[in-house]
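**Student:** Okay, so here is run_4.pdb, and as you'll see once you scroll down, it has PDB, C-alpha atoms, pLDDT in the B column.
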ATOM      1  CA  MET Z   2      83.694  92.618-132.649  1.00 66.00           C
ATOM      2  CA  ALA Z   3      85.500  94.176-129.686  1.00 69.00           C
ATOM      3  CA  ALA Z   4      84.164  97.620-130.608  1.00 72.00           C
ATOM      4  CA  VAL Z   5      80.616  96.270-130.804  1.00 78.00           C
ATOM      5  CA  ARG Z   6      81.028  94.644-127.402  1.00 79.00           C
ATOM      6  CA  GLN Z   7      82.384  97.809-125.835  1.00 82.00           C
ATOM      7  CA  GLY Z   8      79.617  99.937-127.304  1.00 82.00           C
ATOM      8  CA  LEU Z   9      76.826  97.639-126.175  1.00 89.00           C
ATOM      9  CA  SER Z  10      78.290  97.011-122.717  1.00 90.00           C
ATOM     10  CA  ARG Z  11      77.173 100.472-121.586  1.00 89.00           C
ATOM     11  CA  ASP Z  12      73.561  99.322-121.618  1.00 90.00           C
ATOM     12  CA  PHE Z  13      73.572  95.515-121.912  1.00 93.00           C
ATOM     13  CA  THR Z  14      75.337  92.517-120.427  1.00 94.00           C
ATOM     14  CA  VAL Z  15      77.370  91.153-123.342  1.00 94.00           C
ATOM     15  CA  HIS Z  16      78.774  87.630-123.650  1.00 95.00           C
ATOM     16  CA  LEU Z  17      81.148  86.754-126.505  1.00 93.00           C
ATOM     17  CA  TRP Z  18      81.643  83.160-127.584  1.00 93.00           C
ATOM     18  CA  ASP Z  19      84.776  81.954-129.358  1.00 91.00           C
ATOM     19  CA  MET Z  20      83.665  78.737-131.085  1.00 92.00           C
ATOM     20  CA  PRO Z  21      85.873  75.644-130.642  1.00 91.00           C
ATOM     21  CA  GLY Z  22      88.362  75.483-133.507  1.00 90.00           C
ATOM     22  CA  TYR Z  23      88.197  79.246-134.171  1.00 91.00           C
ATOM     23  CA  GLY Z  24      89.854  82.414-132.907  1.00 88.00           C
ATOM     24  CA  ARG Z  25      91.753  81.802-129.693  1.00 87.00           C
ATOM     25  CA  SER Z  26      89.947  78.565-128.836  1.00 90.00           C
ATOM     26  CA  SER Z  27      91.551  75.127-128.960  1.00 87.00           C
ATOM     27  CA  LYS Z  28      92.488  73.923-132.435  1.00 89.00           C
ATOM     28  CA  LEU Z  29      93.682  70.475-131.417  1.00 85.00           C
ATOM     29  CA  GLU Z  30      93.165  67.728-133.961  1.00 84.00           C
ATOM     30  CA  GLY Z  31      90.371  65.439-132.876  1.00 82.00           C
ATOM     31  CA  HIS Z  32      88.200  68.189-131.400  1.00 85.00           C
ATOM     32  CA  PRO Z  33      84.955  68.149-133.430  1.00 89.00           C
ATOM     33  CA  VAL Z  34      84.041  71.449-135.085  1.00 92.00           C
ATOM     34  CA  ASP Z  35      80.943  70.466-137.104  1.00 93.00           C
ATOM     35  CA  PHE Z  36      77.707  72.403-136.654  1.00 95.00           C
ATOM     36  CA  GLY Z  37      76.175  69.687-134.467  1.00 95.00           C
ATOM     37  CA  SER Z  38      79.093  69.747-132.031  1.00 95.00           C
ATOM     38  CA  GLN Z  39      79.126  73.544-132.028  1.00 96.00           C
ATOM     39  CA  ALA Z  40      75.408  73.653-131.195  1.00 97.00           C
ATOM     40  CA  ASP Z  41      75.944  71.219-128.316  1.00 97.00           C
ATOM     41  CA  ALA Z  42      78.776  73.422-127.038  1.00 96.00           C
ATOM     42  CA  PHE Z  43      76.691  76.600-127.359  1.00 98.00           C
ATOM     43  CA  ALA Z  44      73.781  75.080-125.457  1.00 98.00           C
ATOM     44  CA  ALA Z  45      76.129  73.920-122.702  1.00 97.00           C
ATOM     45  CA  LEU Z  46      77.780  77.340-122.531  1.00 97.00           C
ATOM     46  CA  LEU Z  47      74.459  79.177-122.191  1.00 98.00           C
ATOM     47  CA  ALA Z  48      73.549  76.811-119.362  1.00 97.00           C
ATOM     48  CA  HIS Z  49      76.947  77.379-117.739  1.00 97.00           C
ATOM     49  CA  TRP Z  50      76.466  81.145-117.930  1.00 97.00           C
ATOM     50  CA  GLY Z  51      72.986  80.744-116.469  1.00 97.00           C
ATOM     51  CA  LEU Z  52      71.346  82.701-119.295  1.00 96.00           C
ATOM     52  CA  ASP Z  53      67.576  82.339-119.617  1.00 94.00           C
ATOM     53  CA  ARG Z  54      66.217  83.381-123.029  1.00 97.00           C
ATOM     54  CA  PRO Z  55      69.140  85.582-124.114  1.00 97.00           C
ATOM     55  CA  HIS Z  56      69.121  87.875-127.116  1.00 97.00           C
ATOM     56  CA  VAL Z  57      71.433  86.144-129.604  1.00 98.00           C
ATOM     57  CA  ILE Z  58      73.377  87.889-132.364  1.00 97.00           C
ATOM     58  CA  ALA Z  59      75.069  85.548-134.840  1.00 97.00           C
ATOM     59  CA  HIS Z  60      77.388  86.075-137.800  1.00 97.00           C
ATOM     60  CA  ASP Z  61      78.523  83.649-140.534  1.00 95.00           C
ATOM     61  CA  PHE Z  62      78.730  80.061-139.151  1.00 95.00           C
ATOM     62  CA  GLY Z  63      77.153  81.363-135.954  1.00 97.00           C
ATOM     63  CA  GLY Z  64      73.857  81.484-137.824  1.00 97.00           C
ATOM     64  CA  ALA Z  65      73.770  77.751-138.494  1.00 97.00           C
ATOM     65  CA  VAL Z  66      74.892  77.025-134.925  1.00 98.00           C
ATOM     66  CA  SER Z  67      72.399  79.347-133.202  1.00 98.00           C
ATOM     67  CA  LEU Z  68      69.539  78.082-135.368  1.00 98.00           C
ATOM     68  CA  ARG Z  69      70.348  74.447-134.632  1.00 98.00           C
ATOM     69  CA  THR Z  70      70.694  75.191-130.914  1.00 98.00           C
ATOM     70  CA  HIS Z  71      67.225  76.735-130.928  1.00 98.00           C
ATOM     71  CA  LEU Z  72      65.422  74.421-133.349  1.00 98.00           C
ATOM     72  CA  SER Z  73      66.974  71.015-132.639  1.00 97.00           C
ATOM     73  CA  LEU Z  74      68.130  71.365-129.033  1.00 98.00           C
ATOM     74  CA  GLY Z  75      65.173  73.415-127.840  1.00 97.00           C
ATOM     75  CA  VAL Z  76      67.157  76.296-126.324  1.00 98.00           C
ATOM     76  CA  ASP Z  77      64.879  79.338-126.181  1.00 98.00           C
ATOM     77  CA  TYR Z  78      65.961  82.873-127.071  1.00 98.00           C
ATOM     78  CA  ALA Z  79      64.318  86.223-126.449  1.00 98.00           C
ATOM     79  CA  SER Z  80      65.252  87.234-130.004  1.00 98.00           C
ATOM     80  CA  LEU Z  81      67.681  86.321-132.758  1.00 98.00           C
ATOM     81  CA  MET Z  82      69.630  88.598-135.089  1.00 98.00           C
ATOM     82  CA  LEU Z  83      71.243  86.858-138.065  1.00 98.00           C
ATOM     83  CA  VAL Z  84      74.037  88.897-139.679  1.00 98.00           C
ATOM     84  CA  ASP Z  85      75.313  87.639-143.059  1.00 98.00           C
ATOM     85  CA  VAL Z  86      74.890  84.067-141.867  1.00 97.00           C
ATOM     86  CA  VAL Z  87      75.475  80.589-143.171  1.00 96.00           C
ATOM     87  CA  ALA Z  88      72.027  79.181-142.513  1.00 96.00           C
ATOM     88  CA  ILE Z  89      70.420  77.407-145.464  1.00 95.00           C
ATOM     89  CA  PRO Z  90      71.706  75.414-148.457  1.00 91.00           C
ATOM     90  CA  PRO Z  91      73.331  75.717-150.873  1.00 84.00           C
ATOM     91  CA  SER Z  92      76.444  77.404-149.523  1.00 80.00           C
ATOM     92  CA  GLY Z  93      80.173  77.575-150.060  1.00 73.00           C
ATOM     93  CA  SER Z  94      82.372  79.457-152.506  1.00 76.00           C
ATOM     94  CA  PRO Z  95      84.361  77.673-155.262  1.00 79.00           C
ATOM     95  CA  PHE Z  96      87.448  77.936-153.017  1.00 83.00           C
ATOM     96  CA  PHE Z  97      85.506  76.483-150.099  1.00 83.00           C
ATOM     97  CA  ARG Z  98      84.412  73.502-152.175  1.00 82.00           C
ATOM     98  CA  PHE Z  99      87.959  73.018-153.500  1.00 85.00           C
ATOM     99  CA  VAL Z 100      89.292  72.862-149.941  1.00 84.00           C
ATOM    100  CA  GLN Z 101      86.653  70.281-149.031  1.00 82.00           C
ATOM    101  CA  ASP Z 102      87.933  68.098-151.855  1.00 82.00           C
ATOM    102  CA  HIS Z 103      91.636  68.512-150.966  1.00 79.00           C
ATOM    103  CA  PRO Z 104      91.956  69.199-147.209  1.00 71.00           C
ATOM    104  CA  ASP Z 105      95.010  66.988-146.630  1.00 77.00           C
ATOM    105  CA  VAL Z 106      96.955  68.321-149.603  1.00 82.00           C
ATOM    106  CA  LEU Z 107      96.369  71.964-148.731  1.00 82.00           C
ATOM    107  CA  GLY Z 108      97.275  71.334-145.108  1.00 83.00           C
ATOM    108  CA  GLN Z 109     100.788  70.451-146.292  1.00 87.00           C
ATOM    109  CA  LEU Z 110     101.401  73.709-148.167  1.00 90.00           C
ATOM    110  CA  PRO Z 111     104.455  75.731-147.134  1.00 95.00           C
ATOM    111  CA  GLY Z 112     103.407  78.179-144.448  1.00 94.00           C
ATOM    112  CA  TYR Z 113     104.082  81.307-146.485  1.00 96.00           C
ATOM    113  CA  ILE Z 114     101.903  80.076-149.364  1.00 95.00           C
ATOM    114  CA  HIS Z 115      99.115  79.100-146.986  1.00 95.00           C
ATOM    115  CA  THR Z 116      99.275  82.527-145.320  1.00 97.00           C
ATOM    116  CA  ALA Z 117      99.042  84.274-148.688  1.00 97.00           C
ATOM    117  CA  ILE Z 118      95.982  82.181-149.596  1.00 94.00           C
ATOM    118  CA  VAL Z 119      94.214  82.932-146.317  1.00 96.00           C
ATOM    119  CA  ARG Z 120      94.978  86.650-146.580  1.00 97.00           C
ATOM    120  CA  ALA Z 121      93.508  86.804-150.084  1.00 96.00           C
ATOM    121  CA  TYR Z 122      90.506  84.725-149.024  1.00 94.00           C
ATOM    122  CA  ILE Z 123      89.631  86.869-146.007  1.00 96.00           C
ATOM    123  CA  GLN Z 124      90.323  90.145-147.808  1.00 97.00           C
ATOM    124  CA  GLY Z 125      87.706  89.101-150.348  1.00 94.00           C
ATOM    125  CA  ALA Z 126      85.046  89.111-147.631  1.00 95.00           C
ATOM    126  CA  SER Z 127      85.332  92.877-147.194  1.00 97.00           C
ATOM    127  CA  HIS Z 128      83.734  95.347-149.577  1.00 97.00           C
ATOM    128  CA  ARG Z 129      85.784  98.330-148.414  1.00 94.00           C
ATOM    129  CA  ARG Z 130      89.079  96.393-148.099  1.00 95.00           C
ATOM    130  CA  LEU Z 131      90.432  95.594-144.657  1.00 97.00           C
ATOM    131  CA  ARG Z 132      93.133  97.643-143.009  1.00 95.00           C
ATOM    132  CA  ASP Z 133      96.421  95.765-142.693  1.00 96.00           C
ATOM    133  CA  GLU Z 134      96.136  95.498-138.903  1.00 96.00           C
ATOM    134  CA  ASP Z 135      92.588  94.143-139.105  1.00 96.00           C
ATOM    135  CA  LEU Z 136      93.543  91.634-141.792  1.00 97.00           C
ATOM    136  CA  ASP Z 137      96.556  90.532-139.736  1.00 97.00           C
ATOM    137  CA  ALA Z 138      94.309  89.912-136.717  1.00 95.00           C
ATOM    138  CA  LEU Z 139      91.862  87.830-138.738  1.00 96.00           C
ATOM    139  CA  VAL Z 140      94.570  85.782-140.445  1.00 97.00           C
ATOM    140  CA  GLN Z 141      96.762  85.132-137.398  1.00 96.00           C
ATOM    141  CA  PRO Z 142      94.628  82.352-135.803  1.00 95.00           C
ATOM    142  CA  TRP Z 143      94.878  80.346-139.034  1.00 95.00           C
ATOM    143  CA  THR Z 144      98.671  80.458-139.336  1.00 95.00           C
ATOM    144  CA  GLY Z 145     101.401  78.349-137.789  1.00 92.00           C
ATOM    145  CA  GLU Z 146     101.252  74.560-137.824  1.00 84.00           C
ATOM    146  CA  GLY Z 147      98.166  74.259-135.627  1.00 89.00           C
ATOM    147  CA  GLY Z 148      96.300  77.131-137.219  1.00 93.00           C
ATOM    148  CA  GLN Z 149      96.982  76.003-140.772  1.00 93.00           C
ATOM    149  CA  LEU Z 150      95.678  72.500-140.144  1.00 90.00           C
ATOM    150  CA  ALA Z 151      92.667  73.875-138.259  1.00 91.00           C
ATOM    151  CA  PHE Z 152      91.776  76.185-141.153  1.00 92.00           C
ATOM    152  CA  TYR Z 153      91.404  73.307-143.578  1.00 90.00           C
ATOM    153  CA  ARG Z 154      89.919  70.973-140.972  1.00 88.00           C
ATOM    154  CA  GLN Z 155      86.963  73.246-140.190  1.00 88.00           C
ATOM    155  CA  ILE Z 156      86.142  73.446-143.899  1.00 88.00           C
ATOM    156  CA  ALA Z 157      86.540  69.677-144.363  1.00 85.00           C
ATOM    157  CA  ASP Z 158      84.168  69.053-141.434  1.00 86.00           C
ATOM    158  CA  TYR Z 159      81.538  71.372-142.908  1.00 88.00           C
ATOM    159  CA  ASP Z 160      78.389  69.319-143.506  1.00 88.00           C
ATOM    160  CA  GLU Z 161      75.468  70.874-145.366  1.00 91.00           C
ATOM    161  CA  ARG Z 162      73.164  68.261-143.829  1.00 93.00           C
ATOM    162  CA  PHE Z 163      72.877  70.500-140.777  1.00 95.00           C
ATOM    163  CA  LEU Z 164      71.724  73.384-142.966  1.00 96.00           C
ATOM    164  CA  GLU Z 165      69.113  71.169-144.587  1.00 96.00           C
ATOM    165  CA  GLU Z 166      67.804  70.155-141.156  1.00 96.00           C
ATOM    166  CA  ASN Z 167      67.645  73.811-140.103  1.00 96.00           C
ATOM    167  CA  GLU Z 168      65.788  74.787-143.266  1.00 97.00           C
ATOM    168  CA  GLN Z 169      63.120  72.150-142.675  1.00 97.00           C
ATOM    169  CA  GLN Z 170      62.351  73.635-139.252  1.00 97.00           C
ATOM    170  CA  LEU Z 171      62.513  77.374-139.904  1.00 98.00           C
ATOM    171  CA  GLY Z 172      58.745  77.635-140.156  1.00 97.00           C
ATOM    172  CA  ARG Z 173      58.466  76.743-136.459  1.00 97.00           C
ATOM    173  CA  ILE Z 174      60.331  79.823-135.263  1.00 98.00           C
ATOM    174  CA  ASP Z 175      58.071  82.012-133.144  1.00 97.00           C
ATOM    175  CA  ILE Z 176      60.569  84.456-131.649  1.00 98.00           C
ATOM    176  CA  PRO Z 177      61.464  87.880-133.107  1.00 98.00           C
ATOM    177  CA  VAL Z 178      64.090  87.516-135.845  1.00 98.00           C
ATOM    178  CA  ARG Z 179      65.983  90.274-137.627  1.00 98.00           C
ATOM    179  CA  ILE Z 180      68.107  89.382-140.659  1.00 98.00           C
ATOM    180  CA  LEU Z 181      70.849  91.905-141.323  1.00 98.00           C
ATOM    181  CA  TRP Z 182      72.932  91.750-144.506  1.00 98.00           C
ATOM    182  CA  GLY Z 183      75.757  93.631-146.123  1.00 98.00           C
ATOM    183  CA  ALA Z 184      74.320  94.679-149.479  1.00 97.00           C
ATOM    184  CA  ARG Z 185      77.699  93.958-151.123  1.00 96.00           C
ATOM    185  CA  ASP Z 186      78.264  90.516-149.588  1.00 96.00           C
ATOM    186  CA  THR Z 187      79.997  88.399-152.237  1.00 93.00           C
ATOM    187  CA  TRP Z 188      80.460  85.368-149.977  1.00 93.00           C
ATOM    188  CA  ILE Z 189      76.748  84.868-149.292  1.00 94.00           C
ATOM    189  CA  PRO Z 190      74.600  86.676-151.876  1.00 93.00           C
ATOM    190  CA  LEU Z 191      71.671  88.866-150.941  1.00 95.00           C
ATOM    191  CA  ASP Z 192      69.283  86.365-152.557  1.00 95.00           C
ATOM    192  CA  VAL Z 193      70.076  84.003-149.678  1.00 96.00           C
ATOM    193  CA  ALA Z 194      69.009  86.652-147.165  1.00 97.00           C
ATOM    194  CA  ARG Z 195      65.724  87.182-148.959  1.00 97.00           C
ATOM    195  CA  ARG Z 196      65.017  83.450-149.136  1.00 97.00           C
ATOM    196  CA  LEU Z 197      65.898  83.066-145.465  1.00 98.00           C
ATOM    197  CA  GLN Z 198      63.439  85.840-144.613  1.00 98.00           C
ATOM    198  CA  SER Z 199      60.704  84.095-146.589  1.00 98.00           C
ATOM    199  CA  LEU Z 200      61.224  80.886-144.591  1.00 98.00           C
ATOM    200  CA  ILE Z 201      61.095  82.437-141.098  1.00 98.00           C
ATOM    201  CA  PRO Z 202      57.649  83.675-139.996  1.00 97.00           C
ATOM    202  CA  ALA Z 203      57.534  87.452-139.477  1.00 96.00           C
ATOM    203  CA  ALA Z 204      61.302  87.826-139.925  1.00 98.00           C
ATOM    204  CA  GLU Z 205      62.538  91.331-140.710  1.00 97.00           C
ATOM    205  CA  LEU Z 206      65.286  92.054-143.233  1.00 98.00           C
ATOM    206  CA  SER Z 207      67.553  95.091-143.167  1.00 97.00           C
ATOM    207  CA  LEU Z 208      70.436  95.893-145.522  1.00 98.00           C
ATOM    208  CA  ILE Z 209      73.618  97.813-144.803  1.00 97.00           C
ATOM    209  CA  ASP Z 210      74.847  99.686-147.857  1.00 95.00           C
ATOM    210  CA  ASP Z 211      78.493  99.579-148.930  1.00 94.00           C
ATOM    211  CA  ALA Z 212      79.211  96.576-146.694  1.00 97.00           C
ATOM    212  CA  GLY Z 213      80.300  93.079-147.595  1.00 97.00           C
ATOM    213  CA  HIS Z 214      80.344  89.895-145.576  1.00 97.00           C
ATOM    214  CA  LEU Z 215      82.572  91.401-142.881  1.00 97.00           C
ATOM    215  CA  VAL Z 216      80.008  94.063-142.076  1.00 96.00           C
ATOM    216  CA  HIS Z 217      81.535  94.691-138.634  1.00 94.00           C
ATOM    217  CA  HIS Z 218      84.672  95.930-140.404  1.00 95.00           C
ATOM    218  CA  ASP Z 219      83.028  97.561-143.423  1.00 97.00           C
ATOM    219  CA  ALA Z 220      80.286  99.447-141.581  1.00 95.00           C
ATOM    220  CA  PRO Z 221      80.736  99.246-137.781  1.00 93.00           C
ATOM    221  CA  VAL Z 222      78.637 102.330-136.984  1.00 93.00           C
ATOM    222  CA  PRO Z 223      75.553 101.299-139.030  1.00 95.00           C
ATOM    223  CA  LEU Z 224      75.913  97.796-137.604  1.00 95.00           C
ATOM    224  CA  MET Z 225      75.986  99.135-134.053  1.00 94.00           C
ATOM    225  CA  ASP Z 226      72.940 101.312-134.768  1.00 94.00           C
ATOM    226  CA  GLU Z 227      71.021  98.293-136.086  1.00 96.00           C
ATOM    227  CA  ILE Z 228      71.942  96.110-133.105  1.00 96.00           C
ATOM    228  CA  ARG Z 229      71.172  98.778-130.516  1.00 94.00           C
ATOM    229  CA  SER Z 230      67.849  99.624-132.156  1.00 94.00           C
ATOM    230  CA  TRP Z 231      66.902  95.937-132.286  1.00 96.00           C
ATOM    231  CA  LEU Z 232      67.796  95.205-128.679  1.00 95.00           C
ATOM    232  CA  THR Z 233      66.174  98.376-127.357  1.00 93.00           C
ATOM    233  CA  SER Z 234      62.914  97.623-129.189  1.00 90.00           C
ATOM    234  CA  ARG Z 235      62.789  94.185-127.637  1.00 80.00           C
TER
END
Show me, as structure tokens, the structure contained in the file I just sent.
**Tutor:**
Amino acid sequence: MAAVRQGLSRDFTVHLWDMPGYGRSSKLEGHPVDFGSQADAFAALLAHWGLDRPHVIAHDFGGAVSLRTHLSLGVDYASLMLVDVVAIPPSGSPFFRFVQDHPDVLGQLPGYIHTAIVRAYIQGASHRRLRDEDLDALVQPWTGEGGQLAFYRQIADYDERFLEENEQQLGRIDIPVRILWGARDTWIPLDVARRLQSLIPAAELSLIDDAGHLVHHDAPVPLMDEIRSWLTSR
């Protein structure tokens, strides 16, 4: 996302949020990482930044978090772009569900086996296949003792109840919403995008060809064009 940030920063003020338990943020055991806690953190962060009705762009779990922040916590946005998001039930790959059933066991795997699993898992999110350096950067936060435990903990704490609550309230959304999806997303099928569009009043849906779930790696230029066009039109 660094390239997206740099490209947009010429014309917009860009804030990036590293969710607790992800990326470079704290992965200490005991820190809650469920969607409810993430929404509380996002609302507090927007208040801390002093942002009034920001344009929000969310990917993957960020979709569930941004929707809950808006719908359940009452934080207003100028617009919302949802890019290959976890947003409505059902969700979760067979591997995801397996981890939910065995989080403690998998957390004890030898580090090299865990790393191989995570590399294969993340590589599967790309349609074009990630470059080694990009894959290394995505895998690194989930390795080492703290990262390995955090990887399985964030899946174990995943609660579809929050998605059900979001789904029940989607009809109340009255801000501009653009849904953007990699046409080759195998993690979250295109049918989910179409159903999400049907549940949000006046939501627009755009597809990016030859892109999977990691659309910012598979098709960074088309993604940037879509984001810039959306923000400029607002």
**Student:** The PyMOL selection byres ((chain Z and resi 199-214) around 9) - which residues does that actually catch in the file I just gave you? List them as a VMD selection string.
**Tutor:** chain Z and resid 61 84 to 86 125 to 129 168 171 to 189 191 194 to 198 215 to 220 223 to 224 227
**Student:** Tell me, counting only C-alpha atoms, for each residue of stretch 132-182 of chain Z within 7 Å of stretch 87-107 of chain Z, which pair of atoms is nearest and how far apart they are in Å to one decimal, in rows ordered by chain and increasing number, as a tab-separated table.
**Tutor:**
residue	atom	partner	partner_atom	distance
Z:Tyr153	CA	Z:Pro104	CA	5.5
Z:Arg154	CA	Z:Pro104	CA	6.8
Z:Ile156	CA	Z:Gln101	CA	6.1
Z:Ala157	CA	Z:Gln101	CA	4.7
Z:Glu161	CA	Z:Pro90	CA	6.7
Z:Leu164	CA	Z:Ile89	CA	4.9
Z:Glu165	CA	Z:Pro90	CA	6.3
Z:Glu168	CA	Z:Ile89	CA	5.8
**Student:** Tell me, in Å to one decimal, how far atom CA of Z:Asp158 is from atom CA of Z:Ala138.
**Tutor:**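 So the answer is 23.7 Å.
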**Student:** What's around Z:Trp18 at 12 Å? Count all atoms listed in the file, leave out sequence neighbours fewer than 4 positions away in its own chain, and write the answer as a PyMOL selection string.
**Tutor:** chain Z and resi 2-3+6+22-26+39-40+42-47+50+57-60+63+66-67
**Student:** Quick one, how far is atom CA of Z:Trp143 from atom CA of Z:Val119?
**Tutor:**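 Going from atom CA of Z:Trp143 over to atom CA of Z:Val119 covers 7.8 Å.
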**Student:** Give as an MDAnalysis selection string every residue, naming chains and numbers as the document does, that has an atom within 12 Å of (86.0, 66.5, -132.3), counting all atoms listed in the file.
**Tutor:** chainID Z and resid 21:22 27:39 41:42 151 154:155 158
**Student:** Write the residues of the preceding selection, restricted to C-alpha atoms, as a JSON list (two decimals), in the coordinates of the input.
**Tutor:**
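Output file result.json follows:
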[["chain", "number", "residue", "atom", "x", "y", "z"],
["Z", 21, "PRO", "CA", 85.87, 75.64, -130.64],
["Z", 22, "GLY", "CA", 88.36, 75.48, -133.51],
["Z", 27, "SER", "CA", 91.55, 75.13, -128.96],
["Z", 28, "LYS", "CA", 92.49, 73.92, -132.44],
["Z", 29, "LEU", "CA", 93.68, 70.47, -131.42],
["Z", 30, "GLU", "CA", 93.16, 67.73, -133.96],
["Z", 31, "GLY", "CA", 90.37, 65.44, -132.88],
["Z", 32, "HIS", "CA", 88.20, 68.19, -131.40],
["Z", 33, "PRO", "CA", 84.96, 68.15, -133.43],
["Z", 34, "VAL", "CA", 84.04, 71.45, -135.08],
["Z", 35, "ASP", "CA", 80.94, 70.47, -137.10],
["Z", 36, "PHE", "CA", 77.71, 72.40, -136.65],
["Z", 37, "GLY", "CA", 76.18, 69.69, -134.47],
["Z", 38, "SER", "CA", 79.09, 69.75, -132.03],
["Z", 39, "GLN", "CA", 79.13, 73.54, -132.03],
["Z", 41, "ASP", "CA", 75.94, 71.22, -128.32],
["Z", 42, "ALA", "CA", 78.78, 73.42, -127.04],
["Z", 151, "ALA", "CA", 92.67, 73.88, -138.26],
["Z", 154, "ARG", "CA", 89.92, 70.97, -140.97],
["Z", 155, "GLN", "CA", 86.96, 73.25, -140.19],
["Z", 158, "ASP", "CA", 84.17, 69.05, -141.43]]
**Student:** Is there a way to get, as a ChimeraX atom specification, all residues within 12 Å of the point (66.0, 96.7, -129.1) in file coordinates, counting all atoms listed in the file?
**Tutor:** /Z:9,12-13,56-58,79-82,177-179,225-235
